[in-house]
$ cat target28.cif   # mmCIF, C-alpha atoms
data_start
loop_
_atom_site.label_atom_id
_atom_site.label_comp_id
_atom_site.auth_asym_id
_atom_site.auth_seq_id
_atom_site.Cartn_x
_atom_site.Cartn_y
_atom_site.Cartn_z
CA MET A 1 0.00 0.00 0.00
CA ASP A 2 1.53 3.29 -1.14
CA LEU A 3 -0.93 5.75 0.39
CA PHE A 4 1.37 6.86 3.22
CA PRO A 5 4.53 7.48 1.13
CA ARG A 6 2.46 9.25 -1.55
CA ALA A 7 0.95 11.52 1.11
CA PHE A 8 4.47 12.20 2.43
CA LEU A 9 5.86 13.02 -1.03
CA LEU A 10 2.88 15.26 -1.72
CA VAL A 11 4.37 17.86 0.64
CA PHE A 12 7.44 18.17 -1.59
CA GLU A 13 5.25 18.43 -4.70
CA GLN A 14 3.26 21.22 -3.04
CA LEU A 15 6.48 22.96 -1.97
CA ALA A 16 7.88 22.87 -5.51
CA VAL A 17 4.70 24.11 -7.20
CA GLY A 18 3.96 26.77 -4.60
CA GLY A 19 7.56 27.92 -4.67
CA MET A 20 7.62 28.42 -8.42
CA LEU A 21 4.40 30.42 -8.11
CA ALA A 22 6.02 32.52 -5.37
CA LEU A 23 8.81 33.48 -7.79
CA SER A 24 6.29 35.71 -9.56
CA ILE A 25 5.67 37.82 -6.42
CA PRO A 26 8.77 40.08 -6.27
CA PRO A 27 9.25 42.38 -9.30
CA PHE A 28 11.60 40.58 -11.69
CA HIS A 29 13.63 43.63 -12.70
CA ASP A 30 14.01 44.96 -9.14
CA ILE A 31 16.08 42.02 -7.90
CA GLU A 32 19.30 40.60 -9.33
CA ARG A 33 18.92 37.54 -11.56
CA GLY A 34 20.90 35.45 -9.08
CA TYR A 35 17.97 35.36 -6.67
CA TYR A 36 15.73 33.74 -9.26
CA LYS A 37 18.43 31.29 -10.31
CA SER A 38 19.19 30.09 -6.78
CA THR A 39 15.56 30.05 -5.64
CA ALA A 40 14.27 28.22 -8.73
CA PHE A 41 17.06 25.65 -8.27
CA VAL A 42 15.94 24.97 -4.70
CA PHE A 43 12.32 24.42 -5.73
CA LEU A 44 13.29 22.22 -8.67
CA LEU A 45 15.45 20.18 -6.29
CA MET A 46 12.33 19.56 -4.20
CA ALA A 47 10.49 18.55 -7.37
CA ALA A 48 13.28 16.14 -8.30
CA PHE A 49 13.09 14.56 -4.84
CA ALA A 50 9.32 14.08 -5.23
CA LEU A 51 9.71 12.59 -8.72
CA ALA A 52 12.43 10.22 -7.57
CA GLY A 53 10.25 9.07 -4.69
CA ARG A 54 7.30 8.38 -6.98
CA ILE A 55 9.50 6.42 -9.39
CA VAL A 56 10.81 4.31 -6.51
CA LEU A 57 7.22 3.55 -5.48
CA TRP A 58 6.38 2.42 -8.99
CA SER A 59 9.52 0.29 -9.23
CA GLY A 60 8.40 -1.46 -6.06
CA GLY A 61 5.49 -2.96 -7.98
CA THR A 62 2.73 -0.65 -6.71
CA ALA A 63 0.06 -0.34 -9.41
CA PRO A 64 -0.83 3.36 -9.79
CA SER A 65 -4.35 4.63 -10.32
CA THR A 66 -5.29 6.60 -13.42
CA ALA A 67 -5.31 9.85 -11.44
CA ALA A 68 -1.86 9.04 -10.05
CA VAL A 69 -0.50 8.42 -13.55
CA VAL A 70 -1.94 11.72 -14.80
CA GLU A 71 -0.47 13.47 -11.77
CA LEU A 72 3.00 12.06 -12.39
CA VAL A 73 2.93 12.96 -16.10
CA LEU A 74 1.83 16.53 -15.35
CA PHE A 75 4.37 16.90 -12.55
CA SER A 76 7.12 15.65 -14.86
CA LEU A 77 6.09 18.31 -17.39
CA PHE A 78 6.16 20.87 -14.56
CA PHE A 79 9.71 19.81 -13.71
CA LEU A 80 10.87 19.97 -17.34
CA ALA A 81 9.30 23.39 -17.89
CA GLY A 82 10.89 24.59 -14.64
CA CYS A 83 14.30 23.36 -15.76
CA GLY A 84 13.80 25.20 -19.05
CA TYR A 85 12.88 28.35 -17.14
CA LEU A 86 16.01 28.03 -14.99
CA TRP A 87 18.16 27.62 -18.11
CA SER A 88 16.57 30.70 -19.71
CA LEU A 89 17.72 32.87 -16.78
CA TRP A 90 21.31 32.71 -18.04
CA ASP A 91 20.46 34.74 -21.13
CA GLU A 92 17.90 37.24 -22.41
CA TYR A 93 15.32 34.77 -23.71
CA VAL A 94 12.51 37.04 -22.57
CA ILE A 95 9.55 35.55 -24.49
CA LEU A 96 10.73 31.96 -24.06
CA ARG A 97 11.31 32.51 -20.33
CA ALA A 98 7.82 33.94 -19.86
CA ARG A 99 6.21 31.03 -21.71
CA LEU A 100 8.23 28.40 -19.87
CA PHE A 101 7.38 29.97 -16.52
CA SER A 102 3.66 30.05 -17.41
CA LEU A 103 3.77 26.41 -18.55
CA CYS A 104 5.62 25.49 -15.37
CA TRP A 105 2.99 26.74 -12.95
CA ILE A 106 0.08 25.60 -15.18
CA PHE A 107 1.43 22.04 -15.26
CA GLY A 108 2.16 22.26 -11.53
CA LEU A 109 -1.35 23.36 -10.61
CA CYS A 110 -2.88 20.68 -12.83
CA ALA A 111 -0.60 18.05 -11.25
CA LEU A 112 -1.81 18.97 -7.76
CA VAL A 113 -5.44 18.86 -8.91
CA ALA A 114 -4.89 15.39 -10.37
CA GLY A 115 -3.02 14.32 -7.25
CA ALA A 116 -5.90 15.46 -5.06
CA GLN A 117 -8.30 13.28 -7.05
CA SER A 118 -6.09 10.24 -6.46
CA PHE A 119 -6.78 10.59 -2.72
CA ARG A 120 -10.52 11.19 -3.11
CA ALA A 121 -12.74 8.20 -2.30
CA ALA A 122 -16.05 10.01 -2.94
CA PRO A 123 -17.79 9.93 -6.35
CA ALA A 124 -16.70 12.34 -9.07
CA LEU A 125 -19.95 14.29 -8.75
CA SER A 126 -19.40 15.35 -5.16
CA VAL A 127 -18.22 18.37 -3.22
CA GLU A 128 -14.98 16.52 -2.45
CA THR A 129 -13.95 16.82 -6.12
CA LEU A 130 -13.66 20.57 -5.61
CA LEU A 131 -12.58 20.69 -1.97
CA PHE A 132 -9.60 18.34 -2.21
CA PRO A 133 -7.70 20.32 -4.90
CA VAL A 134 -8.46 23.65 -3.24
CA ALA A 135 -7.10 22.36 0.08
CA LEU A 136 -3.86 21.11 -1.51
CA LEU A 137 -3.39 24.28 -3.57
CA SER A 138 -3.81 26.53 -0.54
CA GLY A 139 -1.20 24.46 1.31
CA ALA A 140 1.14 24.74 -1.69
CA LEU A 141 0.88 28.53 -1.59
CA VAL A 142 1.80 28.60 2.10
CA LEU A 143 4.77 26.28 1.63
CA GLY A 144 6.04 28.15 -1.41
CA THR A 145 5.76 31.65 -0.01
CA VAL A 146 7.36 30.84 3.35
CA LEU A 147 10.45 29.25 1.76
CA ALA A 148 10.64 31.97 -0.91
CA GLY A 149 10.46 34.55 1.88
CA MET A 150 13.39 32.99 3.71
CA LEU A 151 15.47 32.79 0.52
CA LEU A 152 14.63 36.39 -0.33
CA GLY A 153 15.72 37.43 3.15
CA HIS A 154 19.12 35.86 2.49
CA TRP A 155 19.44 37.91 -0.67
CA TYR A 156 19.53 41.06 1.45
CA LEU A 157 22.92 39.85 2.75
CA ILE A 158 24.18 39.96 -0.84
CA ASP A 159 22.41 43.07 -2.16
CA ARG A 160 22.68 45.65 0.61
CA GLU A 161 20.95 48.31 -1.51
CA LEU A 162 17.81 46.26 -2.24
CA SER A 163 14.57 47.99 -1.24
CA ILE A 164 12.65 46.51 1.69
CA GLU A 165 9.42 46.51 -0.34
CA PRO A 166 9.90 43.11 -2.07
CA PHE A 167 10.41 41.53 1.36
CA ARG A 168 7.25 43.16 2.69
CA THR A 169 5.33 42.07 -0.40
CA MET A 170 6.46 38.47 0.06
CA LEU A 171 5.42 38.60 3.72
CA ALA A 172 2.00 39.95 2.72
CA PHE A 173 1.51 37.03 0.32
CA TYR A 174 2.66 34.56 2.98
CA THR A 175 0.22 36.01 5.50
CA GLY A 176 -2.57 36.06 2.92
CA SER A 177 -1.84 32.43 1.99
CA LEU A 178 -2.13 31.41 5.65
CA ALA A 179 -5.43 33.28 5.97
CA LEU A 180 -6.70 31.60 2.80
CA GLN A 181 -5.66 28.16 4.04
CA THR A 182 -7.42 28.77 7.37
CA ALA A 183 -10.63 29.71 5.54
CA VAL A 184 -10.32 26.69 3.24
CA LEU A 185 -9.86 24.30 6.18
CA ALA A 186 -12.92 25.73 7.93
CA LEU A 187 -14.99 25.60 4.73
CA THR A 188 -13.86 22.03 4.04
CA ALA A 189 -15.02 20.89 7.47
CA VAL A 190 -18.39 22.64 7.15
CA LEU A 191 -19.14 21.40 3.63
CA LEU A 192 -18.05 17.83 4.32
CA TRP A 193 -20.29 17.83 7.39
CA LEU A 194 -23.30 19.25 5.54
CA VAL A 195 -23.12 17.92 1.99
CA GLY A 196 -20.19 15.50 1.91
CA SER A 197 -20.48 11.83 1.05
CA PRO A 198 -21.38 9.41 3.89
CA ASP A 199 -17.78 8.18 3.99
CA SER A 200 -16.42 11.73 4.26
CA ALA A 201 -18.89 12.60 7.01
CA ALA A 202 -17.86 9.48 8.93
CA ALA A 203 -14.17 10.33 8.42
CA LEU A 204 -14.79 13.87 9.69
CA ARG A 205 -16.48 12.53 12.83
CA ALA A 206 -13.49 10.22 13.38
CA LEU A 207 -11.12 13.15 12.89
CA LEU A 208 -12.95 15.30 15.43
CA GLY A 209 -13.24 12.44 17.88
CA GLU A 210 -10.66 9.67 17.66
CA HIS A 211 -8.00 11.85 16.03
CA GLY A 212 -8.91 15.10 17.78
CA LEU A 213 -5.46 15.58 19.32
CA LEU A 214 -3.82 15.11 15.93
CA LEU A 215 -6.10 17.74 14.41
CA ALA A 216 -5.51 20.14 17.31
CA GLY A 217 -1.76 19.76 16.95
CA ARG A 218 -1.91 20.34 13.22
CA LEU A 219 -3.94 23.54 13.60
CA ALA A 220 -1.83 24.78 16.51
CA VAL A 221 1.46 24.40 14.64
CA SER A 222 0.11 25.78 11.37
CA PRO A 223 -1.80 27.93 10.62
CA ALA A 224 -2.02 29.27 14.22
CA ALA A 225 1.67 29.46 15.19
CA SER A 226 2.60 30.35 11.61
CA LEU A 227 0.27 33.36 11.73
CA VAL A 228 1.89 34.50 14.97
CA LEU A 229 5.30 34.25 13.31
CA ALA A 230 4.00 36.25 10.34
CA TRP A 231 2.98 39.01 12.75
CA MET A 232 6.42 38.91 14.37
CA ILE A 233 8.10 39.19 10.96
CA HIS A 234 5.86 42.15 10.15
CA ARG A 235 6.87 43.91 13.36
CA THR A 236 10.54 43.17 12.68
CA LEU A 237 10.36 44.67 9.19
CA LEU A 238 8.96 47.89 10.65
CA ILE A 239 12.37 48.55 12.24
CA PRO A 240 13.47 47.42 9.55
CA GLN A 241 15.73 44.47 10.40
CA THR A 242 15.97 42.01 7.51
CA MET A 243 18.38 39.60 9.23
CA ALA A 244 16.06 39.08 12.20
CA ALA A 245 13.09 38.73 9.84
CA THR A 246 14.96 36.07 7.87
CA GLY A 247 15.64 34.18 11.09
CA LEU A 248 11.94 34.27 11.92
CA PHE A 249 11.20 32.97 8.42
CA TYR A 250 13.45 30.00 9.27
CA ILE A 251 11.22 29.22 12.25
CA ALA A 252 8.13 29.78 10.13
CA ILE A 253 9.39 27.21 7.62
CA LEU A 254 9.67 24.63 10.40
CA SER A 255 6.19 25.51 11.64
CA VAL A 256 4.61 25.28 8.19
CA MET A 257 6.46 22.09 7.21
CA VAL A 258 5.54 20.30 10.42
CA GLY A 259 1.94 21.45 10.02
CA GLU A 260 1.76 20.23 6.43
CA PHE A 261 3.31 16.86 7.27
CA MET A 262 0.76 16.48 10.05
CA GLY A 263 -1.93 17.46 7.56
CA ARG A 264 -0.81 14.76 5.15
CA TYR A 265 -0.85 12.29 8.04
CA VAL A 266 -4.45 13.33 8.66
CA LEU A 267 -5.09 12.65 4.96
CA PHE A 268 -3.52 9.21 5.32
CA LYS A 269 -5.47 8.33 8.46
CA THR A 270 -8.89 9.75 7.54
CA GLY A 271 -8.91 10.60 3.85
CA ILE A 272 -9.58 14.29 4.58
CA PRO A 273 -7.08 16.87 3.19
CA PHE A 274 -6.43 18.85 6.36
#
$ encode --input "target28.cif" --output "structure tokens"
Amino acid sequence: MDLFPRAFLLVFEQLAVGGMLALSIPPFHDIERGYYKSTAFVFLLMAAFALAGRIVLWSGGTAPSTAAVVELVLFSLFFLAGCGYLWSLWDEYVILRARLFSLCWIFGLCALVAGAQSFRAAPALSVETLLFPVALLSGALVLGTVLAGMLLGHWYLIDRELSIEPFRTMLAFYTGSLALQTAVLALTAVLLWLVGSPDSAAALRALLGEHGLLLAGRLAVSPAASLVLAWMIHRTLLIPQTMAATGLFYIAILSVMVGEFMGRYVLFKTGIPF
């Protein structure tokens, strides 16, 4: 049974896709090209790790579902487009770079949507078909923006003259992503309770009862603690002190990553994408 390792690897897929999306947040011409090269490399490394893990699962004789096959094909295209985008940063391939970047995040988003369907047990014509992808996409945004924020903070050690505004913009997107994820989690619980399939309703009752401590820990670590850290980063940037803010982003990464891994464990145990 490959459900647990697939749920584990899903975090790295979300991180890669969300991170490439986060590259579009700071103004491209306001920051040196090196930031985009190094940051894109980190996210593509996460994608390579996820792809390697999925290939190992397949080589172990696990028969993939149709949705899982579609997910892997789309994620492979995401990785290839991302590699092409990274290559284009070494020269002035403006149009090609823009198209490769667009293809990269389109394939990435589609891969996460397909991946969400591979975890869905409810019928295709159900609210779960919409809720599962939205939950995974909101988590991808949080993962991507928090790591991109930390990497951008490091760039201030290299470019001492860089305006503080890109850092503040990245923080605003990180905070907004956390708020969106919180709303999505609440909406998911409400809709599954009211109009979800019988299996989803039963899983939600088990989550609130038998796995209540797991759910409480997941919500406490992220988004709750992550939102507190976002506020602390905001206060630090008012000074402004970019080094301290970068250190807080380090802690925020740990908070978000632990929260997302706990969320994927909830998915493994109950089938609900929390």
$ resolve_selection --input "target28.cif" --expression "the PyMOL selection byres ((chain A and resi 70) around 10)" --output "list of chain:residue names"
A:Pro64, A:Ser65, A:Thr66, A:Ala67, A:Ala68, A:Val69, A:Glu71, A:Leu72, A:Val73, A:Leu74, A:Phe75, A:Ser76, A:Cys110, A:Ala111, A:Val113, A:Ala114, A:Gly115, A:Ser118
$ residues_around --input "target28.cif" --residues "Pro240 (chain A)" --least-positions-apart "2" --cutoff "12 Å" --atoms "all atoms listed in the file" --output "number ranges by chain"
A: 156, 163-165, 167-168, 233-238, 242-246
$ residues_around --input "target28.cif" --residues "Phe101 (chain A)" --least-positions-apart "2" --cutoff "9 Å" --atoms "only C-alpha atoms" --output "PyMOL selection string"
chain A and resi 20-21+81-82+84-86+96-99+103-106
$ resolve_selection --input "target28.cif" --expression "the PyMOL selection byres ((chain A and resi 127) around 12)" --output "VMD selection string"
chain A and resid 117 120 to 126 128 to 134 187 to 198 200 to 201
$ resolve_selection --input "target28.cif" --expression "the PyMOL selection byres ((chain A and resi 44-47) around 6)" --output "short mmCIF file (atom, residue, chain, number, x, y, z; two decimals) with C-alpha atoms, in the frame of the given file"
data_model
loop_
_atom_site.label_atom_id
_atom_site.label_comp_id
_atom_site.auth_asym_id
_atom_site.auth_seq_id
_atom_site.Cartn_x
_atom_site.Cartn_y
_atom_site.Cartn_z
CA PHE A 12 7.44 18.17 -1.59
CA GLU A 13 5.25 18.43 -4.70
CA ALA A 16 7.88 22.87 -5.51
CA PHE A 41 17.06 25.65 -8.27
CA VAL A 42 15.94 24.97 -4.70
CA PHE A 43 12.32 24.42 -5.73
CA ALA A 48 13.28 16.14 -8.30
CA PHE A 49 13.09 14.56 -4.84
CA ALA A 50 9.32 14.08 -5.23
#
$ atom_distance --input "target28.cif" --atom1 "CA of Ala206 (chain A)" --atom2 "CA of Val228 (chain A)"
28.8 Å
$ closest_residue --input "target28.cif" --among "A:Phe249, A:Trp58, A:Trp87, A:Phe79" --to "Arg33 (chain A)" --atoms "only C-alpha atoms"
A:Trp87
$ atom_distance --input "target28.cif" --atom1 "CA of Leu136 (chain A)" --atom2 "CA of Ala172 (chain A)"
20.2 Å
$ atom_distance --input "target28.cif" --atom1 "CA of Ala135 (chain A)" --atom2 "CA of Phe274 (chain A)"
7.2 Å
$ residues_around --input "target28.cif" --residues "Ala252 (chain A)" --least-positions-apart "3" --cutoff "12 Å" --atoms "all atoms listed in the file" --output "VMD selection string"
chain A and resid 142 to 150 171 174 to 175 178 221 to 233 245 to 249 255 to 259
$ write_last_selection --input "target28.cif" --atoms "C-alpha atoms" --output "PDB file, in the frame of the given file"
ATOM      1  CA  VAL A 142       1.800  28.600   2.100  1.00  0.00           C
ATOM      2  CA  LEU A 143       4.770  26.280   1.630  1.00  0.00           C
ATOM      3  CA  GLY A 144       6.040  28.150  -1.410  1.00  0.00           C
ATOM      4  CA  THR A 145       5.760  31.650  -0.010  1.00  0.00           C
ATOM      5  CA  VAL A 146       7.360  30.840   3.350  1.00  0.00           C
ATOM      6  CA  LEU A 147      10.450  29.250   1.760  1.00  0.00           C
ATOM      7  CA  ALA A 148      10.640  31.970  -0.910  1.00  0.00           C
ATOM      8  CA  GLY A 149      10.460  34.550   1.880  1.00  0.00           C
ATOM      9  CA  MET A 150      13.390  32.990   3.710  1.00  0.00           C
ATOM     10  CA  LEU A 171       5.420  38.600   3.720  1.00  0.00           C
ATOM     11  CA  TYR A 174       2.660  34.560   2.980  1.00  0.00           C
ATOM     12  CA  THR A 175       0.220  36.010   5.500  1.00  0.00           C
ATOM     13  CA  LEU A 178      -2.130  31.410   5.650  1.00  0.00           C
ATOM     14  CA  VAL A 221       1.460  24.400  14.640  1.00  0.00           C
ATOM     15  CA  SER A 222       0.110  25.780  11.370  1.00  0.00           C
ATOM     16  CA  PRO A 223      -1.800  27.930  10.620  1.00  0.00           C
ATOM     17  CA  ALA A 224      -2.020  29.270  14.220  1.00  0.00           C
ATOM     18  CA  ALA A 225       1.670  29.460  15.190  1.00  0.00           C
ATOM     19  CA  SER A 226       2.600  30.350  11.610  1.00  0.00           C
ATOM     20  CA  LEU A 227       0.270  33.360  11.730  1.00  0.00           C
ATOM     21  CA  VAL A 228       1.890  34.500  14.970  1.00  0.00           C
ATOM     22  CA  LEU A 229       5.300  34.250  13.310  1.00  0.00           C
ATOM     23  CA  ALA A 230       4.000  36.250  10.340  1.00  0.00           C
ATOM     24  CA  TRP A 231       2.980  39.010  12.750  1.00  0.00           C
ATOM     25  CA  MET A 232       6.420  38.910  14.370  1.00  0.00           C
ATOM     26  CA  ILE A 233       8.100  39.190  10.960  1.00  0.00           C
ATOM     27  CA  ALA A 245      13.090  38.730   9.840  1.00  0.00           C
ATOM     28  CA  THR A 246      14.960  36.070   7.870  1.00  0.00           C
ATOM     29  CA  GLY A 247      15.640  34.180  11.090  1.00  0.00           C
ATOM     30  CA  LEU A 248      11.940  34.270  11.920  1.00  0.00           C
ATOM     31  CA  PHE A 249      11.200  32.970   8.420  1.00  0.00           C
ATOM     32  CA  SER A 255       6.190  25.510  11.640  1.00  0.00           C
ATOM     33  CA  VAL A 256       4.610  25.280   8.190  1.00  0.00           C
ATOM     34  CA  MET A 257       6.460  22.090   7.210  1.00  0.00           C
ATOM     35  CA  VAL A 258       5.540  20.300  10.420  1.00  0.00           C
ATOM     36  CA  GLY A 259       1.940  21.450  10.020  1.00  0.00           C
TER      37      GLY A 259
END
$ residues_around --input "target28.cif" --residues "Leu207 (chain A)" --least-positions-apart "5" --cutoff "7 Å" --atoms "only C-alpha atoms" --output "PyMOL selection string"
chain A and resi 212+215+270
$ closest_residue --input "target28.cif" --among "A:Tyr35, A:Gln14, A:Ala202, A:Ala22" --to "Leu162 (chain A)" --atoms "only C-alpha atoms"
A:Tyr35
$ axis_aligned_box --input "target28.cif" --around "region 64-79 of chain A" --padding-each-side "4 Å" --output "lines of an AutoDock Vina configuration file"
center_x = 2.2
center_y = 12.1
center_z = -13.6
size_x = 23.0
size_y = 25.5
size_z = 15.6
$ closest_residue --input "target28.cif" --among "A:Leu214, A:Leu3, A:Ile25, A:Ile31" --to "Asp159 (chain A)" --atoms "all atoms listed in the file"
A:Ile31
$ closest_residue --input "target28.cif" --among "A:Glu260, A:Asp2, A:Asp199, A:Glu161" --to "Arg54 (chain A)" --atoms "only C-alpha atoms"
A:Asp2
$ closest_residue --input "target28.cif" --among "A:Gly19, A:Leu100, A:Phe28, A:Ile272" --to "Ala140 (chain A)" --atoms "only C-alpha atoms"
A:Gly19
$ build_atoms --input "target28.cif" --residues "region 28-39 of chain A" --atoms "N, CA and C atoms" --output "PDB file, in the coordinates of the input"
ATOM      1  N   PHE A  28      10.463  41.274 -11.095  1.00  0.00           N
ATOM      2  CA  PHE A  28      11.600  40.580 -11.690  1.00  0.00           C
ATOM      3  C   PHE A  28      12.788  41.507 -11.910  1.00  0.00           C
ATOM      4  N   HIS A  29      12.539  42.739 -12.352  1.00  0.00           N
ATOM      5  CA  HIS A  29      13.630  43.630 -12.700  1.00  0.00           C
ATOM      6  C   HIS A  29      14.154  44.427 -11.495  1.00  0.00           C
ATOM      7  N   ASP A  30      13.550  44.241 -10.327  1.00  0.00           N
ATOM      8  CA  ASP A  30      14.010  44.960  -9.140  1.00  0.00           C
ATOM      9  C   ASP A  30      15.032  44.172  -8.323  1.00  0.00           C
ATOM     10  N   ILE A  31      15.180  42.889  -8.641  1.00  0.00           N
ATOM     11  CA  ILE A  31      16.080  42.020  -7.900  1.00  0.00           C
ATOM     12  C   ILE A  31      17.062  41.393  -8.885  1.00  0.00           C
ATOM     13  N   GLU A  32      18.288  41.205  -8.462  1.00  0.00           N
ATOM     14  CA  GLU A  32      19.300  40.600  -9.330  1.00  0.00           C
ATOM     15  C   GLU A  32      18.876  39.200  -9.758  1.00  0.00           C
ATOM     16  N   ARG A  33      19.307  38.826 -10.970  1.00  0.00           N
ATOM     17  CA  ARG A  33      18.920  37.540 -11.560  1.00  0.00           C
ATOM     18  C   ARG A  33      19.356  36.362 -10.692  1.00  0.00           C
ATOM     19  N   GLY A  34      20.414  36.548  -9.913  1.00  0.00           N
ATOM     20  CA  GLY A  34      20.900  35.450  -9.080  1.00  0.00           C
ATOM     21  C   GLY A  34      19.871  34.931  -8.101  1.00  0.00           C
ATOM     22  N   TYR A  35      19.009  35.815  -7.597  1.00  0.00           N
ATOM     23  CA  TYR A  35      17.970  35.360  -6.670  1.00  0.00           C
ATOM     24  C   TYR A  35      17.055  34.354  -7.328  1.00  0.00           C
ATOM     25  N   TYR A  36      16.651  34.631  -8.555  1.00  0.00           N
ATOM     26  CA  TYR A  36      15.730  33.740  -9.260  1.00  0.00           C
ATOM     27  C   TYR A  36      16.416  32.429  -9.632  1.00  0.00           C
ATOM     28  N   LYS A  37      17.701  32.510  -9.978  1.00  0.00           N
ATOM     29  CA  LYS A  37      18.430  31.290 -10.310  1.00  0.00           C
ATOM     30  C   LYS A  37      18.540  30.365  -9.102  1.00  0.00           C
ATOM     31  N   SER A  38      18.989  30.911  -7.975  1.00  0.00           N
ATOM     32  CA  SER A  38      19.190  30.090  -6.780  1.00  0.00           C
ATOM     33  C   SER A  38      17.866  29.585  -6.220  1.00  0.00           C
ATOM     34  N   THR A  39      16.846  30.439  -6.217  1.00  0.00           N
ATOM     35  CA  THR A  39      15.560  30.050  -5.640  1.00  0.00           C
ATOM     36  C   THR A  39      14.866  29.003  -6.507  1.00  0.00           C
TER      37      THR A  39
END
